[in-house]
>>> print(open('upload.cif').read())   # mmCIF, C-alpha atoms and all ligand atoms
data_work
loop_
_atom_site.label_atom_id
_atom_site.label_comp_id
_atom_site.auth_asym_id
_atom_site.auth_seq_id
_atom_site.Cartn_x
_atom_site.Cartn_y
_atom_site.Cartn_z
CA MET A 1 -3.64 0.54 -24.72
CA LEU A 2 -5.87 2.63 -26.95
CA GLU A 3 -8.93 0.83 -25.62
CA LEU A 4 -7.91 1.78 -22.09
CA ALA A 5 -7.39 5.40 -23.14
CA GLU A 6 -10.85 5.39 -24.74
CA LEU A 7 -12.42 3.98 -21.61
CA LEU A 8 -10.84 6.73 -19.50
CA ALA A 9 -11.83 9.38 -22.01
CA HIS A 10 -15.50 8.51 -21.55
CA GLY A 11 -15.88 9.13 -17.84
CA ARG A 12 -13.82 10.24 -14.89
CA ALA A 13 -12.46 7.05 -13.43
CA VAL A 14 -11.75 6.07 -9.88
CA VAL A 15 -8.50 4.10 -9.63
CA LEU A 16 -7.88 1.27 -7.18
CA THR A 17 -4.19 0.53 -6.72
CA GLY A 18 -2.30 -2.24 -4.96
CA ALA A 19 1.23 -3.35 -4.23
CA GLY A 20 1.92 -3.96 -7.95
CA CYS A 21 1.79 -0.20 -8.53
CA SER A 22 4.89 0.21 -6.32
CA THR A 23 7.06 -2.77 -7.33
CA GLU A 24 8.70 -0.57 -10.00
CA SER A 25 9.72 1.71 -7.10
CA GLY A 26 11.52 -1.21 -5.44
CA ILE A 27 8.86 -2.15 -2.88
CA PRO A 28 7.94 -5.83 -3.19
CA ASP A 29 4.37 -7.10 -3.46
CA TYR A 30 2.85 -10.16 -1.80
CA ARG A 31 1.45 -12.12 -4.69
CA GLY A 32 3.52 -11.24 -7.75
CA PRO A 33 5.30 -13.86 -9.82
CA LEU A 34 8.47 -13.63 -7.66
CA SER A 35 7.03 -12.86 -4.23
CA ARG A 36 4.43 -15.65 -4.13
CA ALA A 37 7.15 -18.23 -3.53
CA ARG A 38 8.62 -16.31 -0.58
CA PRO A 39 7.37 -17.45 2.83
CA ARG A 40 5.55 -14.57 4.59
CA ASN A 41 3.92 -14.50 7.92
CA PRO A 42 2.94 -10.92 8.76
CA VAL A 43 1.92 -10.24 12.35
CA GLN A 44 -1.81 -10.16 13.11
CA ILE A 45 -3.16 -7.28 15.19
CA GLN A 46 -4.39 -9.56 18.00
CA GLU A 47 -0.91 -11.04 18.44
CA PHE A 48 0.72 -7.61 18.17
CA VAL A 49 -1.44 -6.25 21.00
CA ARG A 50 -1.11 -9.33 23.21
CA SER A 51 2.56 -10.25 22.81
CA PRO A 52 5.63 -8.12 23.71
CA ASP A 53 7.73 -10.59 21.68
CA ALA A 54 5.61 -10.02 18.58
CA ARG A 55 6.06 -6.25 19.00
CA ARG A 56 9.83 -6.66 19.45
CA ARG A 57 9.99 -8.67 16.23
CA PHE A 58 7.83 -6.14 14.37
CA TRP A 59 9.79 -3.03 15.41
CA ALA A 60 13.20 -4.70 15.01
CA ARG A 61 12.39 -5.69 11.43
CA SER A 62 10.76 -2.35 10.68
CA THR A 63 13.85 -0.50 11.97
CA VAL A 64 16.07 -2.22 9.41
CA GLY A 65 13.57 -1.79 6.54
CA TRP A 66 12.41 1.75 7.26
CA ALA A 67 15.07 3.83 5.46
CA ARG A 68 14.72 1.89 2.21
CA PHE A 69 10.92 2.00 2.36
CA ARG A 70 10.86 5.72 3.16
CA ASP A 71 13.37 6.56 0.41
CA ALA A 72 11.48 4.71 -2.36
CA GLN A 73 10.55 7.14 -5.16
CA PRO A 74 7.32 7.35 -7.17
CA ASN A 75 7.56 5.61 -10.55
CA GLY A 76 6.04 6.33 -13.97
CA GLY A 77 2.76 4.70 -12.96
CA HIS A 78 2.29 7.02 -9.97
CA ARG A 79 3.24 10.05 -12.07
CA ALA A 80 0.90 9.08 -14.90
CA LEU A 81 -2.04 8.75 -12.47
CA ALA A 82 -1.28 12.20 -11.06
CA ALA A 83 -1.16 13.63 -14.59
CA LEU A 84 -4.43 11.89 -15.51
CA GLU A 85 -6.08 13.40 -12.44
CA ALA A 86 -4.79 16.88 -13.29
CA ALA A 87 -6.13 16.46 -16.83
CA GLY A 88 -9.58 15.43 -15.55
CA PHE A 89 -9.55 11.75 -16.58
CA VAL A 90 -9.18 10.42 -13.03
CA ARG A 91 -11.34 11.67 -10.17
CA SER A 92 -9.49 9.92 -7.34
CA VAL A 93 -7.19 7.10 -6.28
CA ILE A 94 -8.15 4.53 -3.66
CA THR A 95 -4.93 2.82 -2.65
CA GLN A 96 -4.27 -0.29 -0.60
CA ASN A 97 -0.62 0.77 -0.36
CA VAL A 98 0.91 2.28 2.74
CA ASP A 99 3.90 3.94 1.04
CA ARG A 100 2.55 7.45 0.31
CA LEU A 101 3.89 7.28 -3.24
CA HIS A 102 0.68 8.53 -4.89
CA ALA A 103 0.68 11.72 -2.82
CA ARG A 104 4.39 12.21 -3.44
CA ALA A 105 3.82 11.88 -7.19
CA GLY A 106 1.25 14.69 -7.02
CA SER A 107 -2.09 12.89 -6.86
CA GLY A 108 -4.43 15.18 -4.91
CA ALA A 109 -7.50 13.02 -4.23
CA VAL A 110 -6.10 9.92 -2.56
CA ILE A 111 -7.85 7.63 -0.09
CA GLU A 112 -5.22 5.61 1.76
CA LEU A 113 -7.43 2.68 2.71
CA HIS A 114 -4.83 1.08 4.95
CA GLY A 115 -3.17 4.25 6.25
CA ALA A 116 0.55 4.99 5.87
CA LEU A 117 3.65 3.67 7.57
CA HIS A 118 4.94 7.22 8.00
CA ARG A 119 3.08 7.67 11.29
CA THR A 120 2.87 5.77 14.56
CA ARG A 121 -0.05 5.67 17.00
CA CYS A 122 -0.07 4.98 20.74
CA LEU A 123 -2.38 2.20 21.87
CA GLY A 124 -2.66 3.99 25.23
CA CYS A 125 -3.13 7.74 24.65
CA GLY A 126 -3.78 7.70 20.88
CA ASP A 127 -0.93 10.17 20.18
CA ARG A 128 0.13 10.17 16.53
CA ALA A 129 3.81 10.77 15.81
CA SER A 130 6.25 10.69 12.92
CA ARG A 131 7.89 7.36 12.06
CA ASP A 132 11.09 9.26 11.24
CA ASP A 133 11.23 10.74 14.74
CA LEU A 134 10.66 7.28 16.18
CA GLN A 135 13.51 5.93 14.03
CA ALA A 136 15.88 8.48 15.55
CA ARG A 137 14.82 7.46 19.07
CA ILE A 138 15.12 3.76 18.24
CA LEU A 139 18.62 4.16 16.84
CA ALA A 140 19.73 6.13 19.91
CA SER A 141 18.93 3.11 22.10
CA ASN A 142 19.82 0.42 19.52
CA ARG A 143 23.11 1.69 18.12
CA GLY A 144 24.01 0.40 14.65
CA PHE A 145 20.83 -1.66 14.43
CA ALA A 146 19.73 -0.32 11.03
CA ALA A 147 22.92 -1.69 9.47
CA HIS A 148 21.70 -5.28 9.68
CA GLY A 149 21.47 -5.93 5.96
CA ALA A 150 18.55 -7.88 4.56
CA ARG A 151 16.29 -7.84 1.54
CA LEU A 152 13.30 -5.50 1.78
CA ALA A 153 9.97 -7.32 2.11
CA PRO A 154 6.47 -5.86 1.61
CA ASP A 155 5.35 -3.21 4.13
CA GLY A 156 8.89 -2.01 4.91
CA ASP A 157 9.70 -5.28 6.61
CA VAL A 158 12.90 -7.38 6.46
CA ASP A 159 13.82 -10.85 7.63
CA LEU A 160 16.07 -10.90 10.72
CA PRO A 161 17.59 -13.79 12.70
CA ASP A 162 16.03 -14.42 16.14
CA GLU A 163 19.25 -13.56 18.02
CA VAL A 164 19.34 -10.10 16.41
CA VAL A 165 15.65 -9.51 17.25
CA ALA A 166 16.29 -10.61 20.86
CA ARG A 167 18.79 -7.74 21.35
CA PHE A 168 16.30 -5.08 20.19
CA GLU A 169 15.03 -2.54 22.70
CA VAL A 170 11.38 -1.72 21.93
CA PRO A 171 10.48 1.99 21.87
CA ALA A 172 7.60 3.40 23.92
CA CYS A 173 5.26 6.35 23.26
CA ALA A 174 7.14 9.64 23.80
CA ALA A 175 3.97 11.24 25.23
CA CYS A 176 2.83 8.62 27.79
CA GLY A 177 5.23 5.64 27.73
CA GLY A 178 2.49 3.44 26.21
CA VAL A 179 2.64 0.79 23.51
CA LEU A 180 3.27 2.03 19.96
CA ARG A 181 1.83 0.62 16.77
CA PRO A 182 2.19 1.65 13.12
CA ASP A 183 -0.74 3.84 12.02
CA VAL A 184 -1.88 1.35 9.39
CA VAL A 185 -4.63 -1.24 9.17
CA MET A 186 -2.85 -4.41 10.23
CA PHE A 187 -3.80 -7.95 9.27
CA GLY A 188 -6.84 -9.04 11.27
CA GLU A 189 -8.38 -5.59 11.66
CA ALA A 190 -10.98 -3.73 9.64
CA VAL A 191 -10.62 -0.53 7.65
CA PRO A 192 -12.35 2.35 9.53
CA ARG A 193 -15.98 2.57 8.36
CA ASP A 194 -15.88 6.25 7.35
CA ARG A 195 -12.91 5.57 5.08
CA VAL A 196 -14.73 2.67 3.42
CA GLU A 197 -17.81 4.86 2.93
CA ARG A 198 -15.75 7.64 1.35
CA ALA A 199 -14.25 5.10 -1.05
CA PHE A 200 -17.68 3.67 -1.93
CA ALA A 201 -18.90 7.20 -2.60
CA GLU A 202 -16.00 7.72 -5.02
CA VAL A 203 -16.94 4.53 -6.90
CA ASP A 204 -20.58 5.56 -7.01
CA ALA A 205 -19.69 8.94 -8.50
CA ALA A 206 -17.18 7.60 -11.05
CA GLY A 207 -17.63 6.83 -14.75
CA ALA A 208 -15.34 3.79 -14.64
CA LEU A 209 -13.12 1.78 -12.30
CA LEU A 210 -9.46 1.19 -13.14
CA VAL A 211 -7.60 -1.41 -11.05
CA VAL A 212 -3.80 -1.19 -11.12
CA GLY A 213 -1.37 -3.75 -9.68
CA SER A 214 -3.57 -5.69 -7.30
CA SER A 215 -4.34 -9.40 -7.14
CA LEU A 216 -7.57 -8.37 -5.34
CA ALA A 217 -7.07 -11.40 -3.11
CA VAL A 218 -7.75 -9.13 -0.12
CA PHE A 219 -11.48 -8.32 0.28
CA SER A 220 -10.57 -4.82 1.46
CA GLY A 221 -9.95 -3.82 -2.17
CA TYR A 222 -12.10 -6.40 -3.96
CA ARG A 223 -15.33 -4.98 -2.48
CA PHE A 224 -14.92 -1.83 -4.60
CA VAL A 225 -14.80 -3.91 -7.77
CA LEU A 226 -18.00 -5.68 -6.68
CA ARG A 227 -19.61 -2.28 -6.09
CA ALA A 228 -18.53 -1.00 -9.51
CA HIS A 229 -19.91 -4.19 -11.08
CA GLU A 230 -23.26 -3.75 -9.26
CA ARG A 231 -23.42 -0.19 -10.56
CA GLY A 232 -22.73 -1.32 -14.13
CA LEU A 233 -19.48 0.66 -14.41
CA PRO A 234 -16.88 -0.38 -16.98
CA ILE A 235 -14.00 -2.08 -15.12
CA ALA A 236 -10.45 -2.05 -16.50
CA ILE A 237 -7.59 -4.00 -14.91
CA VAL A 238 -3.88 -3.38 -15.51
CA ASN A 239 -1.90 -6.14 -13.85
CA LEU A 240 0.87 -8.67 -14.27
CA GLY A 241 -0.89 -11.99 -13.91
CA GLU A 242 -4.35 -13.05 -12.82
CA THR A 243 -6.63 -11.20 -10.43
CA ARG A 244 -9.74 -12.29 -8.55
CA ALA A 245 -11.88 -9.93 -10.66
CA ASP A 246 -10.77 -10.95 -14.15
CA GLY A 247 -14.25 -12.38 -14.79
CA LEU A 248 -15.83 -8.98 -14.05
CA ALA A 249 -13.47 -6.92 -16.17
CA THR A 250 -14.58 -5.08 -19.30
CA LEU A 251 -10.94 -4.74 -20.28
CA ARG A 252 -7.78 -6.45 -19.06
CA VAL A 253 -4.30 -5.21 -19.87
CA GLU A 254 -1.43 -7.56 -19.05
CA GLY A 255 1.59 -5.34 -18.47
CA ARG A 256 3.75 -3.28 -16.13
CA ALA A 257 1.81 -0.46 -14.51
CA GLY A 258 4.51 2.16 -15.16
CA GLU A 259 4.71 1.47 -18.88
CA VAL A 260 1.00 0.98 -19.51
CA LEU A 261 -0.15 4.07 -17.60
CA THR A 262 2.56 6.28 -19.10
CA SER A 263 1.40 5.28 -22.61
CA VAL A 264 -2.23 5.89 -21.71
CA ALA A 265 -1.47 9.32 -20.25
CA ARG A 266 0.47 10.20 -23.42
CA ALA A 267 -2.35 8.98 -25.65
CA LEU A 268 -4.76 11.25 -23.76
CA GLY A 269 -2.34 14.19 -23.84
CA ALA A 270 -2.28 14.39 -20.04
CA GLY A 271 0.07 17.23 -19.05
CA GLY A 272 3.63 16.56 -17.88
CA ILE A 273 3.68 13.07 -19.30
CA ALA A 274 2.97 14.11 -22.89
CA ALA A 275 5.59 16.83 -22.73
CA GLU A 276 8.45 14.53 -21.69
P1 LIG A 301 -0.75 -8.28 -4.08
O1 LIG A 301 0.69 -8.53 -3.77
O2 LIG A 301 -1.75 -9.29 -3.63
O3 LIG A 301 -0.91 -8.18 -5.68
C1 LIG A 301 -0.04 -7.41 -6.45
C2 LIG A 301 -0.33 -7.72 -7.92
O4 LIG A 301 0.39 -6.80 -8.71
C3 LIG A 301 0.13 -9.13 -8.35
O5 LIG A 301 -0.88 -9.75 -9.12
C4 LIG A 301 1.38 -8.84 -9.20
O6 LIG A 301 1.60 -9.84 -10.19
C5 LIG A 301 1.05 -7.50 -9.77
N1 LIG A 301 2.22 -6.70 -10.15
C6 LIG A 301 3.46 -6.70 -9.62
N2 LIG A 301 4.24 -5.79 -10.19
C7 LIG A 301 3.45 -5.19 -11.14
C8 LIG A 301 3.69 -4.15 -12.09
N3 LIG A 301 4.88 -3.55 -12.20
N4 LIG A 301 2.66 -3.77 -12.88
C9 LIG A 301 1.44 -4.37 -12.80
N5 LIG A 301 1.17 -5.38 -11.94
C10 LIG A 301 2.16 -5.76 -11.12
O7 LIG A 301 -1.07 -6.83 -3.57
P2 LIG A 301 -2.45 -6.18 -3.12
O8 LIG A 301 -3.55 -6.69 -3.98
O9 LIG A 301 -2.18 -4.73 -3.02
O10 LIG A 301 -2.69 -6.76 -1.65
C11 LIG A 301 -1.64 -6.77 -0.72
C12 LIG A 301 -1.89 -6.04 0.60
O11 LIG A 301 -0.63 -5.78 1.20
C13 LIG A 301 -2.53 -4.69 0.45
O12 LIG A 301 -3.63 -4.70 1.28
C14 LIG A 301 -1.48 -3.66 0.92
O13 LIG A 301 -1.96 -2.93 2.05
C15 LIG A 301 -0.32 -4.43 1.43
N6 LIG A 301 0.99 -4.07 0.78
C16 LIG A 301 1.34 -2.76 0.55
C17 LIG A 301 2.55 -2.46 -0.10
C18 LIG A 301 2.93 -1.01 -0.36
O14 LIG A 301 2.51 -0.13 0.38
N7 LIG A 301 3.68 -0.72 -1.43
C19 LIG A 301 3.40 -3.48 -0.50
C20 LIG A 301 3.00 -4.81 -0.24
C21 LIG A 301 1.80 -5.08 0.40
#
>>> encode(input="upload.cif", output="structure tokens", more="lines below")
Ligand code: NAD
Amino acid sequence: MLELAELLAHGRAVVLTGAGCSTESGIPDYRGPLSRARPRNPVQIQEFVRSPDARRRFWARSTVGWARFRDAQPNGGHRALAALEAAGFVRSVITQNVDRLHARAGSGAVIELHGALHRTRCLGCGDRASRDDLQARILASNRGFAAHGARLAPDGDVDLPDEVVARFEVPACAACGGVLRPDVVMFGEAVPRDRVERAFAEVDAAGALLVVGSSLAVFSGYRFVLRAHERGLPIAIVNLGETRADGLATLRVEGRAGEVLTSVARALGAGGIAAE
């Protein structure tokens, strides 16, 4: 832990977070020790655009999962990163998560690489709207639907039987009646170029890279580790289990993000955390 604190003390770090940063808030990851065994088949963007059935399945499952996803609270790891930023040890957070928990914990400089599930976008007119407003409209035409109980899966998703999905009435864009999508980067599509460039610029300006709770199996996040390596930055990884970049790491801490980051913030006297 002390080594990690020392590494952060020597240069303002950019932090790359993944699903493992939010498991302690009750949002499952994809590739953790428990989740890896669970079958998962998230919808690809091409299928979502082409198939009304795929969209029905997506929105039906999202309707049941939304309240629990939205109500998840930041954990100690999110709070510690916000405190480390306020104290000058962290310059920014690049997150692969779509749960908004870094911003809610008080992190100011956050790049949400994959967007956030809190907004929808119309494939027709491009209108962006609130997911909460959509939920109210959905429930008005699908009474009692959110009560279908099921275990929360990553990305605010839940498993639902086909006969329940078949009864779901799919919402349309309130502005133009067009097809709605979540305002996130879905599987099979690329992160917008300007967002990637902003994230690269953060890595280039940082004194170190800290990876928290990501297997780095997805290239979307892994490329920033490669960039940091090319630039000769120290790379620290806090994760439960292996990651794709373990061979590039200067320092690896095996542990829960909430506990490790809280200790590091305390060791550095980062405000809020140290005072608790
Ligand atoms: P991942 O599931 O591939 O890897 C998560 C890693 O975190 C695993 O190695 C796991 O063992 C580790 N982990 C789990 N709990 C931890 C903890 N408490 N402390 C430290 N490590 C912990 O996730 P990824 O690399 O982020 O890639 C998955 C993709 O899915 C991302 O692109 C992301 O957009 C999306 N996703 C987002 C959320 C979210 O918004 N919270 C949740 C699931 C998936």
>>> residues_around(input="upload.cif", residues="segment 216-222 of chain A", least_positions_apart="5", cutoff="8 Å", atoms="all atoms listed in the file", output="list in words")
Leu16, Gln96, Val191, Thr243, Arg244 and Ala245 of chain A
>>> residues_near_ligand(input="upload.cif", ligand="ligand LIG 301 (chain A)", cutoff="6 Å", atoms="all atoms listed in the file", output="JSON, numbers by chain")
{"A": [18, 19, 20, 21, 22, 23, 24, 27, 28, 29, 30, 31, 32, 33, 96, 97, 98, 99, 114, 154, 155, 213, 214, 215, 216, 217, 218, 239, 240, 241, 255, 256, 257]}
>>> closest_residue(input="upload.cif", among="A:Ala13, A:Val49, A:Val64, A:Leu113", to="Asp194 of chain A", atoms="only C-alpha atoms")
A:Leu113
>>> closest_atom_pairs(input="upload.cif", of="segment 12-80 of chain A", to="segment 162-182 of chain A", cutoff="6 Å", atoms="only C-alpha atoms", output="tab-separated table")
residue	atom	partner	partner_atom	distance
A:Arg56	CA	A:Val170	CA	5.7
A:Arg57	CA	A:Val165	CA	5.8
A:Ala60	CA	A:Val165	CA	5.8
>>> closest_residue(input="upload.cif", among="A:Ser107, A:Thr120, A:Ser141, A:Asn41", to="Gly88 of chain A", atoms="all atoms listed in the file")
A:Ser107
>>> axis_aligned_box(input="upload.cif", around="segment 137-146 of chain A", padding_each_side="3 Å", output="AutoDock Vina command-line options")
--center_x 19.4 --center_y 2.9 --center_z 16.6 --size_x 15.2 --size_y 15.1 --size_z 17.1
>>> atom_distance(input="upload.cif", atom1="atom CA of His10 of chain A", atom2="atom CA of Gly247 of chain A")
22.0 Å
>>> atom_distance(input="upload.cif", atom1="atom CA of Leu4 of chain A", atom2="atom CA of Gln73 of chain A")
25.6 Å
>>> atom_distance(input="upload.cif", atom1="atom CA of Asp157 of chain A", atom2="atom CA of Phe69 of chain A")
8.5 Å
